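Enquirer: This is input_39.cif (mmCIF, C-alpha atoms).
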```
data_run
#
loop_
_atom_site.label_atom_id
_atom_site.label_comp_id
_atom_site.auth_asym_id
_atom_site.auth_seq_id
_atom_site.Cartn_x
_atom_site.Cartn_y
_atom_site.Cartn_z
CA MET B 1 -17.54 37.04 -41.50
CA MET B 2 -14.41 36.93 -39.38
CA GLU B 3 -15.66 39.81 -37.23
CA GLU B 4 -18.96 38.06 -36.60
CA ASP B 5 -17.11 34.91 -35.44
CA GLN B 6 -15.06 37.01 -33.04
CA THR B 7 -18.13 38.46 -31.34
CA GLN B 8 -19.67 35.01 -30.95
CA LYS B 9 -16.62 33.28 -29.54
CA LYS B 10 -17.72 30.62 -27.09
CA PRO B 11 -15.64 29.84 -24.01
CA ARG B 12 -13.79 26.56 -24.70
CA VAL B 13 -14.11 24.21 -21.74
CA LEU B 14 -12.16 21.06 -20.94
CA CYS B 15 -14.48 18.70 -19.04
CA LEU B 16 -13.05 16.26 -16.48
CA HIS B 17 -15.29 13.33 -15.52
CA GLY B 18 -15.76 11.61 -12.17
CA PHE B 19 -13.93 8.66 -10.60
CA ARG B 20 -14.28 5.43 -12.58
CA THR B 21 -16.59 6.93 -15.16
CA SER B 22 -15.74 8.37 -18.60
CA ALA B 23 -15.88 11.35 -20.94
CA GLU B 24 -18.91 9.79 -22.65
CA ILE B 25 -20.79 9.47 -19.34
CA LEU B 26 -20.13 13.09 -18.33
CA LYS B 27 -21.15 14.22 -21.81
CA LYS B 28 -24.50 12.41 -21.41
CA LEU B 29 -25.10 14.00 -17.99
CA VAL B 30 -24.19 17.54 -19.07
CA SER B 31 -26.27 17.18 -22.24
CA ARG B 32 -29.37 17.10 -19.99
CA TRP B 33 -28.78 20.81 -19.41
CA PRO B 34 -30.86 23.02 -21.70
CA GLU B 35 -29.38 24.29 -24.94
CA SER B 36 -29.61 27.84 -23.59
CA VAL B 37 -26.61 26.79 -21.44
CA THR B 38 -24.76 24.17 -23.50
CA HIS B 39 -24.84 26.21 -26.73
CA LYS B 40 -22.98 29.01 -24.97
CA LEU B 41 -19.98 26.74 -24.33
CA ASP B 42 -17.59 24.77 -26.53
CA LEU B 43 -17.37 21.61 -24.41
CA VAL B 44 -14.53 19.12 -24.89
CA PHE B 45 -14.71 15.87 -22.91
CA LEU B 46 -11.53 13.91 -22.09
CA ASP B 47 -11.16 10.35 -20.79
CA ALA B 48 -8.76 10.11 -17.84
CA LYS B 49 -5.38 8.45 -18.41
CA PHE B 50 -5.86 5.35 -16.26
CA PRO B 51 -8.38 2.52 -16.74
CA ALA B 52 -10.48 1.94 -13.61
CA GLN B 53 -8.60 -0.25 -11.14
CA GLY B 54 -11.72 -1.53 -9.40
CA GLU B 55 -15.50 -1.52 -9.53
CA SER B 56 -17.35 1.53 -10.76
CA ASP B 57 -20.40 2.94 -8.96
CA VAL B 58 -22.05 3.43 -12.34
CA GLU B 59 -21.86 -0.20 -13.50
CA GLY B 60 -25.29 -1.25 -14.74
CA ILE B 61 -26.28 2.41 -15.25
CA PHE B 62 -23.70 3.50 -17.84
CA ASP B 63 -21.65 1.28 -20.13
CA PRO B 64 -17.89 0.81 -19.68
CA PRO B 65 -15.05 1.51 -20.23
CA TYR B 66 -14.39 3.47 -17.02
CA PHE B 67 -11.36 5.59 -16.15
CA GLU B 68 -9.76 7.36 -13.18
CA TRP B 69 -7.51 10.42 -13.10
CA PHE B 70 -5.18 9.19 -10.34
CA GLN B 71 -5.21 6.78 -7.41
CA SER B 72 -4.92 7.11 -3.65
CA ASN B 73 -4.77 4.97 -0.53
CA GLN B 74 -7.94 4.36 1.46
CA ASP B 75 -7.79 7.48 3.66
CA PHE B 76 -6.68 9.79 0.85
CA SER B 77 -3.39 10.62 2.55
CA GLU B 78 -1.18 9.30 -0.27
CA TYR B 79 -1.62 9.60 -4.01
CA MET B 80 -0.28 7.62 -6.95
CA ASN B 81 0.15 8.70 -10.59
CA PHE B 82 -0.77 12.31 -9.83
CA GLU B 83 2.18 13.77 -11.71
CA GLU B 84 1.43 11.53 -14.71
CA CYS B 85 -2.18 12.75 -14.62
CA LEU B 86 -1.05 16.40 -14.71
CA THR B 87 1.32 15.77 -17.62
CA TYR B 88 -1.43 13.96 -19.53
CA ILE B 89 -3.85 16.91 -19.10
CA GLU B 90 -1.14 19.43 -19.94
CA ASP B 91 -0.22 17.60 -23.16
CA PHE B 92 -3.86 17.39 -24.20
CA MET B 93 -4.39 21.12 -23.52
CA VAL B 94 -1.28 22.05 -25.53
CA GLU B 95 -2.24 19.84 -28.49
CA ASN B 96 -5.98 20.61 -28.51
CA GLY B 97 -6.20 24.07 -26.97
CA PRO B 98 -6.45 26.81 -26.23
CA PHE B 99 -8.97 26.20 -23.44
CA ASP B 100 -10.60 29.02 -21.48
CA GLY B 101 -11.95 27.08 -18.52
CA LEU B 102 -12.48 23.73 -16.84
CA LEU B 103 -15.62 21.84 -15.89
CA GLY B 104 -15.19 19.03 -13.39
CA PHE B 105 -17.43 16.51 -11.66
CA SER B 106 -16.42 14.60 -8.50
CA GLN B 107 -12.77 13.48 -8.88
CA GLY B 108 -12.60 15.69 -11.97
CA ALA B 109 -13.84 18.66 -9.91
CA VAL B 110 -11.27 18.02 -7.17
CA LEU B 111 -8.60 18.11 -9.85
CA ALA B 112 -10.03 21.11 -11.73
CA ALA B 113 -10.35 23.16 -8.52
CA ALA B 114 -6.65 22.73 -7.73
CA LEU B 115 -5.29 23.41 -11.21
CA PRO B 116 -5.48 27.26 -11.31
CA GLY B 117 -3.49 27.57 -8.07
CA MET B 118 -0.97 25.00 -9.26
CA GLN B 119 -0.68 26.74 -12.62
CA ALA B 120 -0.09 30.10 -10.90
CA GLN B 121 2.71 28.54 -8.84
CA GLY B 122 4.32 26.95 -11.89
CA VAL B 123 3.95 23.35 -10.66
CA ALA B 124 1.36 22.32 -13.28
CA LEU B 125 0.35 23.23 -16.85
CA GLY B 126 3.66 25.02 -17.41
CA LYS B 127 3.53 24.43 -21.18
CA VAL B 128 -0.05 25.74 -21.42
CA LYS B 129 0.32 29.35 -22.56
CA ASN B 130 -3.02 30.77 -21.48
CA LYS B 131 -4.23 30.78 -17.88
CA ILE B 132 -7.39 29.00 -16.76
CA LYS B 133 -10.00 31.78 -16.68
CA PHE B 134 -12.96 30.11 -14.93
CA LEU B 135 -14.19 26.89 -13.30
CA ILE B 136 -17.49 24.99 -13.26
CA LEU B 137 -17.32 22.58 -10.30
CA ILE B 138 -19.94 19.89 -9.58
CA SER B 139 -19.64 17.86 -6.35
CA GLY B 140 -16.12 19.14 -5.83
CA ALA B 141 -13.75 19.03 -2.87
CA LYS B 142 -10.47 20.52 -1.81
CA PHE B 143 -7.07 18.86 -1.67
CA GLY B 144 -5.82 19.43 1.86
CA GLY B 145 -9.36 19.77 3.25
CA ASN B 146 -11.06 17.64 5.89
CA LYS B 147 -11.52 14.57 3.74
CA PHE B 148 -8.67 14.65 1.25
CA GLY B 149 -4.98 15.05 1.92
CA ALA B 150 -3.00 16.86 -0.74
CA PRO B 151 -0.59 15.35 -3.24
CA LYS B 152 2.78 17.07 -2.88
CA LEU B 153 2.38 19.10 -6.06
CA ALA B 154 -1.03 20.37 -4.89
CA SER B 155 -0.02 21.13 -1.31
CA ASN B 156 -0.07 24.92 -1.89
CA ALA B 157 -2.86 25.04 -4.49
CA PHE B 158 -5.14 26.90 -2.06
CA SER B 159 -2.52 28.89 -0.15
CA LYS B 160 -4.31 32.03 -1.31
CA LEU B 161 -7.85 32.63 -2.54
CA ILE B 162 -8.40 31.60 -6.16
CA ASP B 163 -9.18 34.81 -8.02
CA ILE B 164 -11.05 33.55 -11.09
CA PRO B 165 -14.81 33.20 -11.64
CA SER B 166 -16.13 29.90 -10.28
CA ILE B 167 -19.58 28.31 -10.11
CA HIS B 168 -20.18 25.48 -7.64
CA PHE B 169 -23.00 22.92 -7.68
CA ILE B 170 -23.73 21.46 -4.22
CA GLY B 171 -26.24 18.64 -3.70
CA GLU B 172 -28.32 18.55 -0.52
CA THR B 173 -27.99 14.75 -0.26
CA ASP B 174 -24.47 14.51 -1.72
CA PHE B 175 -21.97 12.67 0.50
CA MET B 176 -19.50 15.36 -0.61
CA LYS B 177 -21.79 18.23 0.46
CA GLN B 178 -19.56 19.44 3.31
CA GLU B 179 -16.39 19.15 1.21
CA SER B 180 -18.07 21.08 -1.64
CA SER B 181 -19.13 23.81 0.79
CA ASP B 182 -15.59 24.05 2.22
CA LEU B 183 -14.17 24.33 -1.30
CA VAL B 184 -16.34 27.39 -2.02
CA GLU B 185 -14.47 29.30 0.70
CA SER B 186 -11.22 28.98 -1.28
CA PHE B 187 -12.52 31.23 -4.07
CA LEU B 188 -12.69 35.01 -4.14
CA GLU B 189 -16.10 35.46 -5.78
CA PRO B 190 -17.82 32.07 -6.04
CA VAL B 191 -21.31 31.56 -7.42
CA VAL B 192 -23.14 28.70 -5.68
CA ILE B 193 -26.10 26.63 -6.89
CA HIS B 194 -27.72 24.32 -4.33
CA HIS B 195 -29.78 21.45 -5.71
CA PRO B 196 -31.88 18.76 -4.00
CA ARG B 197 -30.08 15.77 -5.55
CA GLY B 198 -27.09 13.70 -4.45
CA HIS B 199 -23.71 12.98 -6.05
CA THR B 200 -24.61 13.69 -9.65
CA VAL B 201 -24.67 16.32 -12.36
CA PRO B 202 -28.07 17.87 -11.59
CA ARG B 203 -30.67 18.93 -14.07
CA LEU B 204 -31.14 22.70 -14.00
CA ASP B 205 -34.36 24.42 -12.98
CA ASP B 206 -35.27 27.83 -14.41
CA LYS B 207 -33.51 29.75 -11.66
CA SER B 208 -30.32 27.68 -12.03
CA VAL B 209 -30.36 28.18 -15.80
CA GLU B 210 -30.56 31.93 -15.25
CA THR B 211 -27.63 31.78 -12.80
CA VAL B 212 -25.44 29.66 -15.10
CA VAL B 213 -26.20 31.79 -18.19
CA GLY B 214 -25.40 34.94 -16.19
CA PHE B 215 -22.12 33.37 -15.04
CA ILE B 216 -21.11 32.44 -18.61
CA ASP B 217 -22.07 35.86 -19.98
CA LYS B 218 -19.77 37.57 -17.48
CA ILE B 219 -16.71 35.51 -18.41
CA ASN B 220 -14.08 37.74 -19.96
CA LEU B 221 -12.19 35.95 -22.72
CA GLU B 222 -9.63 38.72 -23.30
#
```
Represent the structure from my file as structure tokens, please.

Expert:
Amino acid sequence: MMEEDQTQKKPRVLCLHGFRTSAEILKKLVSRWPESVTHKLDLVFLDAKFPAQGESDVEGIFDPPYFEWFQSNQDFSEYMNFEECLTYIEDFMVENGPFDGLLGFSQGAVLAAALPGMQAQGVALGKVKNKIKFLILISGAKFGGNKFGAPKLASNAFSKLIDIPSIHFIGETDFMKQESSDLVESFLEPVVIHHPRGHTVPRLDDKSVETVVGFIDKINLE
């Protein structure tokens, strides 16, 4: 029985929700994906550390409470509580891991995208024994890109190409479309799925399902 479990090991994925939303909301959005995708992953959804400090764009669509991973000033040149956010994620990963990869949407994707580079440089997730092996990024962006300045700890996160498998979802009408496209260029072998929607977790058509399943099947959990 043990041997059978070994062969069927699912990649364990820590899922980071968007700005002023919640783990429950991201779980609902991702659960729209077909079981042929979701049953291949062991998905763990985490609420961010800080309660939302202002209005949420999803009020009236999804129920509160809402959370945010960290805060910034209006032009995203200064960040608050970023270090506390990293410690919070690190502690959760140590206590509830091991995790193989990260899935992030919006603010969660900005954070997830930067973590492998920060982990490699020893400025984040130092207590997490295993390395992040892959990323699933939806409506992501890059710290230090055109729109977002970089918190000090993330200033070198993309100083070299990120050499782990990554899949990027980019919406045609997403206000983060350009930032998401720029982020793709920071990865060595990115897989990209374009969808017609805006700033959301898109439903998957047949072709996208095939692409995502192929991506998951290639992940090496050694």

Enquirer: I'd like to know which of B:Phe215, B:Trp33, B:Phe45, B:Tyr79 is closest to B:Asn96, using all atoms listed in the file.

Expert: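 The closest residue to B:Asn96 is B:Phe45.
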
Enquirer: What would the selection look like, as a list in words, if the PyMOL selection byres ((chain B and resi 194) around 6) were run on the coordinates I just shared?

Expert: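 Given this file, the PyMOL selection byres ((chain B and resi 194) around 6) evaluates to Phe169, Ile170, Gly171, Ile193 and His195 of chain B.
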
Enquirer: Residues near B:His199, anyone? I mean within 9 Å using all atoms listed in the file, not counting same-chain ones fewer than 2 positions away, as JSON, numbers by chain.

Expert: {"B": [106, 138, 139, 170, 171, 173, 174, 175, 176, 177, 197, 201, 202]}

Enquirer: With all atoms listed in the file as the counted atoms, please give the residues lying no more than 9 Å from B:Pro190, apart from itself and same-chain residues fewer than 3 positions off, as a list in words.

Expert: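 Neighbouring residues, sequence-local ones excluded: Ile164, Pro165, Ser166, Ile167, His168, Val184, Glu185, Ser186 and Phe187 of chain B.
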
Enquirer: Go through B:Leu103, B:Ala52, B:Leu16, B:Met93 one by one, measure the shortest atom-to-atom distance of each to B:Val128 using all atoms listed in the file, and give the residue with the smallest value.

Expert: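 Closest residue, counting all atoms listed in the file: B:Met93.
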
Enquirer: Go ahead and compute the interatomic distance for atom CA of B:Asp100 and atom CA of B:Arg12, in Å to one decimal.

Expert: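 These atoms are spaced 5.2 Å apart.
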
Enquirer: What does the structure give for the distance between atom CA of B:Glu95 and atom CA of B:Ala141, in Å to one decimal?

Expert: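 A separation of 28.1 Å between them.
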
Enquirer: What separation in Å, quoted to one decimal, exists between atom CA of B:Gly54 and atom CA of B:Phe19?

Expert: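 Computing the Euclidean distance for atom CA of B:Gly54 and atom CA of B:Phe19 yields 10.5 Å.
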
Enquirer: Residue by residue, what does the PyMOL selection byres ((chain B and resi 34) around 12) grab here? Present the result as a ChimeraX atom specification.

Expert: /B:29-33,35-41,202-206,208-210,212-213

Enquirer: Let's have the selection written as a compact mmCIF listing (two decimals), in the coordinates of the input, with C-alpha atoms.

Expert:
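Listing of part-v7.txt after writing:
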```txt
# COMPACT_ATOMS: atom_id res chain seq x y z
CA LEU B 29 -25.10 14.00 -17.99
CA VAL B 30 -24.19 17.54 -19.07
CA SER B 31 -26.27 17.18 -22.24
CA ARG B 32 -29.37 17.10 -19.99
CA TRP B 33 -28.78 20.81 -19.41
CA GLU B 35 -29.38 24.29 -24.94
CA SER B 36 -29.61 27.84 -23.59
CA VAL B 37 -26.61 26.79 -21.44
CA THR B 38 -24.76 24.17 -23.50
CA HIS B 39 -24.84 26.21 -26.73
CA LYS B 40 -22.98 29.01 -24.97
CA LEU B 41 -19.98 26.74 -24.33
CA PRO B 202 -28.07 17.87 -11.59
CA ARG B 203 -30.67 18.93 -14.07
CA LEU B 204 -31.14 22.70 -14.00
CA ASP B 205 -34.36 24.42 -12.98
CA ASP B 206 -35.27 27.83 -14.41
CA SER B 208 -30.32 27.68 -12.03
CA VAL B 209 -30.36 28.18 -15.80
CA GLU B 210 -30.56 31.93 -15.25
CA VAL B 212 -25.44 29.66 -15.10
CA VAL B 213 -26.20 31.79 -18.19
```

Enquirer: Residues within 9 Å of B:Gln53, please, as a PyMOL selection string. Count only C-alpha atoms; anything in the same chain fewer than 5 positions from it doesn't count.

Expert: chain B and resi 20+67-68+71

Enquirer: Give me the result of the PyMOL selection byres ((chain B and resi 143) around 9) on this file, residue by residue, as a PyMOL selection string.

Expert: chain B and resi 110-111+113-114+141-142+144-151+154-155+157-158+183

Enquirer: Step by step, gather every atom of stretch 96-100 of chain B that the file lists, find the box along x, y and z that holds them, add 4 Å on each side, and finally give centre and edge lengths in Å to one decimal, as AutoDock Vina command-line options.

Expert:
```
--center_x -8.3 --center_y 24.8 --center_z -25.0 --size_x 12.6 --size_y 16.4 --size_z 15.0
```

Enquirer: Using all atoms listed in the file, which of the listed residues (B:Ile25, B:Leu137, B:Val192, B:Ile216) sits closest to B:Phe105?

Expert: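 Among B:Ile25, B:Leu137, B:Val192, B:Ile216, it is B:Leu137 that comes nearest to B:Phe105.
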
Enquirer: Find the spatial neighbours of B:Asp57, counting all atoms listed in the file, within a cut-off of 9 Å - ignore same-chain residues fewer than 2 positions away - and output them as an NGL selection string.

Expert: :B and (19-21 or 55 or 59-61)

Enquirer: Using all atoms listed in the file for the distances, tell me which of B:Pro65, B:Lys27, B:Val13, B:Gly122 is nearest to B:Leu135.

Expert: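 Under the stated criterion, the closest residue is B:Val13.
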
Enquirer: Between B:Tyr88, B:Tyr66, B:Phe76, B:Phe99, which one has atoms that come closest to B:Lys49, using only C-alpha atoms?

Expert: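 Checking each candidate against B:Lys49, we get B:Tyr88 as the closest.
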
Enquirer: Starting from the sparse input, extend stretch 170-187 of chain B to N, CA, C and O atoms and give the output as a PDB file, in the coordinates of the input.

Expert:
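Done, and the output landed in out.pdb:
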```pdb
ATOM      1  N   ILE B 170     -23.785  22.210  -5.479  1.00  0.00           N
ATOM      2  CA  ILE B 170     -23.730  21.460  -4.220  1.00  0.00           C
ATOM      3  C   ILE B 170     -25.072  20.756  -4.004  1.00  0.00           C
ATOM      4  O   ILE B 170     -26.123  21.401  -3.946  1.00  0.00           O
ATOM      5  N   GLY B 171     -25.026  19.429  -3.883  1.00  0.00           N
ATOM      6  CA  GLY B 171     -26.240  18.640  -3.700  1.00  0.00           C
ATOM      7  C   GLY B 171     -26.595  18.470  -2.228  1.00  0.00           C
ATOM      8  O   GLY B 171     -25.721  18.180  -1.409  1.00  0.00           O
ATOM      9  N   GLU B 172     -27.868  18.653  -1.918  1.00  0.00           N
ATOM     10  CA  GLU B 172     -28.320  18.550  -0.520  1.00  0.00           C
ATOM     11  C   GLU B 172     -28.066  17.164   0.063  1.00  0.00           C
ATOM     12  O   GLU B 172     -27.804  17.016   1.247  1.00  0.00           O
ATOM     13  N   THR B 173     -28.177  16.118  -0.766  1.00  0.00           N
ATOM     14  CA  THR B 173     -27.990  14.750  -0.260  1.00  0.00           C
ATOM     15  C   THR B 173     -26.678  14.139  -0.761  1.00  0.00           C
ATOM     16  O   THR B 173     -26.496  12.927  -0.712  1.00  0.00           O
ATOM     17  N   ASP B 174     -25.774  14.979  -1.234  1.00  0.00           N
ATOM     18  CA  ASP B 174     -24.470  14.510  -1.720  1.00  0.00           C
ATOM     19  C   ASP B 174     -23.564  14.178  -0.533  1.00  0.00           C
ATOM     20  O   ASP B 174     -23.441  14.988   0.387  1.00  0.00           O
ATOM     21  N   PHE B 175     -22.912  13.011  -0.580  1.00  0.00           N
ATOM     22  CA  PHE B 175     -21.970  12.670   0.500  1.00  0.00           C
ATOM     23  C   PHE B 175     -20.766  13.613   0.519  1.00  0.00           C
ATOM     24  O   PHE B 175     -20.025  13.676   1.497  1.00  0.00           O
ATOM     25  N   MET B 176     -20.595  14.375  -0.557  1.00  0.00           N
ATOM     26  CA  MET B 176     -19.500  15.360  -0.610  1.00  0.00           C
ATOM     27  C   MET B 176     -19.996  16.771  -0.294  1.00  0.00           C
ATOM     28  O   MET B 176     -19.289  17.747  -0.534  1.00  0.00           O
ATOM     29  N   LYS B 177     -21.207  16.899   0.246  1.00  0.00           N
ATOM     30  CA  LYS B 177     -21.790  18.230   0.460  1.00  0.00           C
ATOM     31  C   LYS B 177     -20.888  19.126   1.305  1.00  0.00           C
ATOM     32  O   LYS B 177     -20.627  20.282   0.952  1.00  0.00           O
ATOM     33  N   GLN B 178     -20.402  18.622   2.432  1.00  0.00           N
ATOM     34  CA  GLN B 178     -19.560  19.440   3.310  1.00  0.00           C
ATOM     35  C   GLN B 178     -18.258  19.835   2.619  1.00  0.00           C
ATOM     36  O   GLN B 178     -17.806  20.981   2.696  1.00  0.00           O
ATOM     37  N   GLU B 179     -17.649  18.861   1.917  1.00  0.00           N
ATOM     38  CA  GLU B 179     -16.390  19.150   1.210  1.00  0.00           C
ATOM     39  C   GLU B 179     -16.613  20.196   0.112  1.00  0.00           C
ATOM     40  O   GLU B 179     -15.784  21.074  -0.095  1.00  0.00           O
ATOM     41  N   SER B 180     -17.744  20.088  -0.581  1.00  0.00           N
ATOM     42  CA  SER B 180     -18.070  21.080  -1.640  1.00  0.00           C
ATOM     43  C   SER B 180     -18.258  22.464  -1.050  1.00  0.00           C
ATOM     44  O   SER B 180     -17.813  23.466  -1.618  1.00  0.00           O
ATOM     45  N   SER B 181     -18.908  22.525   0.113  1.00  0.00           N
ATOM     46  CA  SER B 181     -19.130  23.810   0.790  1.00  0.00           C
ATOM     47  C   SER B 181     -17.803  24.414   1.252  1.00  0.00           C
ATOM     48  O   SER B 181     -17.573  25.624   1.137  1.00  0.00           O
ATOM     49  N   ASP B 182     -16.914  23.572   1.781  1.00  0.00           N
ATOM     50  CA  ASP B 182     -15.590  24.050   2.220  1.00  0.00           C
ATOM     51  C   ASP B 182     -14.789  24.583   1.035  1.00  0.00           C
ATOM     52  O   ASP B 182     -14.070  25.581   1.154  1.00  0.00           O
ATOM     53  N   LEU B 183     -14.914  23.910  -0.113  1.00  0.00           N
ATOM     54  CA  LEU B 183     -14.170  24.330  -1.300  1.00  0.00           C
ATOM     55  C   LEU B 183     -14.554  25.745  -1.732  1.00  0.00           C
ATOM     56  O   LEU B 183     -13.697  26.536  -2.129  1.00  0.00           O
ATOM     57  N   VAL B 184     -15.836  26.071  -1.629  1.00  0.00           N
ATOM     58  CA  VAL B 184     -16.340  27.390  -2.020  1.00  0.00           C
ATOM     59  C   VAL B 184     -15.547  28.504  -1.340  1.00  0.00           C
ATOM     60  O   VAL B 184     -15.262  29.549  -1.934  1.00  0.00           O
ATOM     61  N   GLU B 185     -15.163  28.267  -0.082  1.00  0.00           N
ATOM     62  CA  GLU B 185     -14.470  29.300   0.700  1.00  0.00           C
ATOM     63  C   GLU B 185     -13.053  29.593   0.200  1.00  0.00           C
ATOM     64  O   GLU B 185     -12.424  30.549   0.631  1.00  0.00           O
ATOM     65  N   SER B 186     -12.561  28.763  -0.731  1.00  0.00           N
ATOM     66  CA  SER B 186     -11.220  28.980  -1.280  1.00  0.00           C
ATOM     67  C   SER B 186     -11.226  29.901  -2.501  1.00  0.00           C
ATOM     68  O   SER B 186     -10.176  30.155  -3.083  1.00  0.00           O
ATOM     69  N   PHE B 187     -12.406  30.383  -2.881  1.00  0.00           N
ATOM     70  CA  PHE B 187     -12.520  31.230  -4.070  1.00  0.00           C
ATOM     71  C   PHE B 187     -12.949  32.634  -3.692  1.00  0.00           C
ATOM     72  O   PHE B 187     -13.692  32.832  -2.735  1.00  0.00           O
TER      73      PHE B 187
END
```
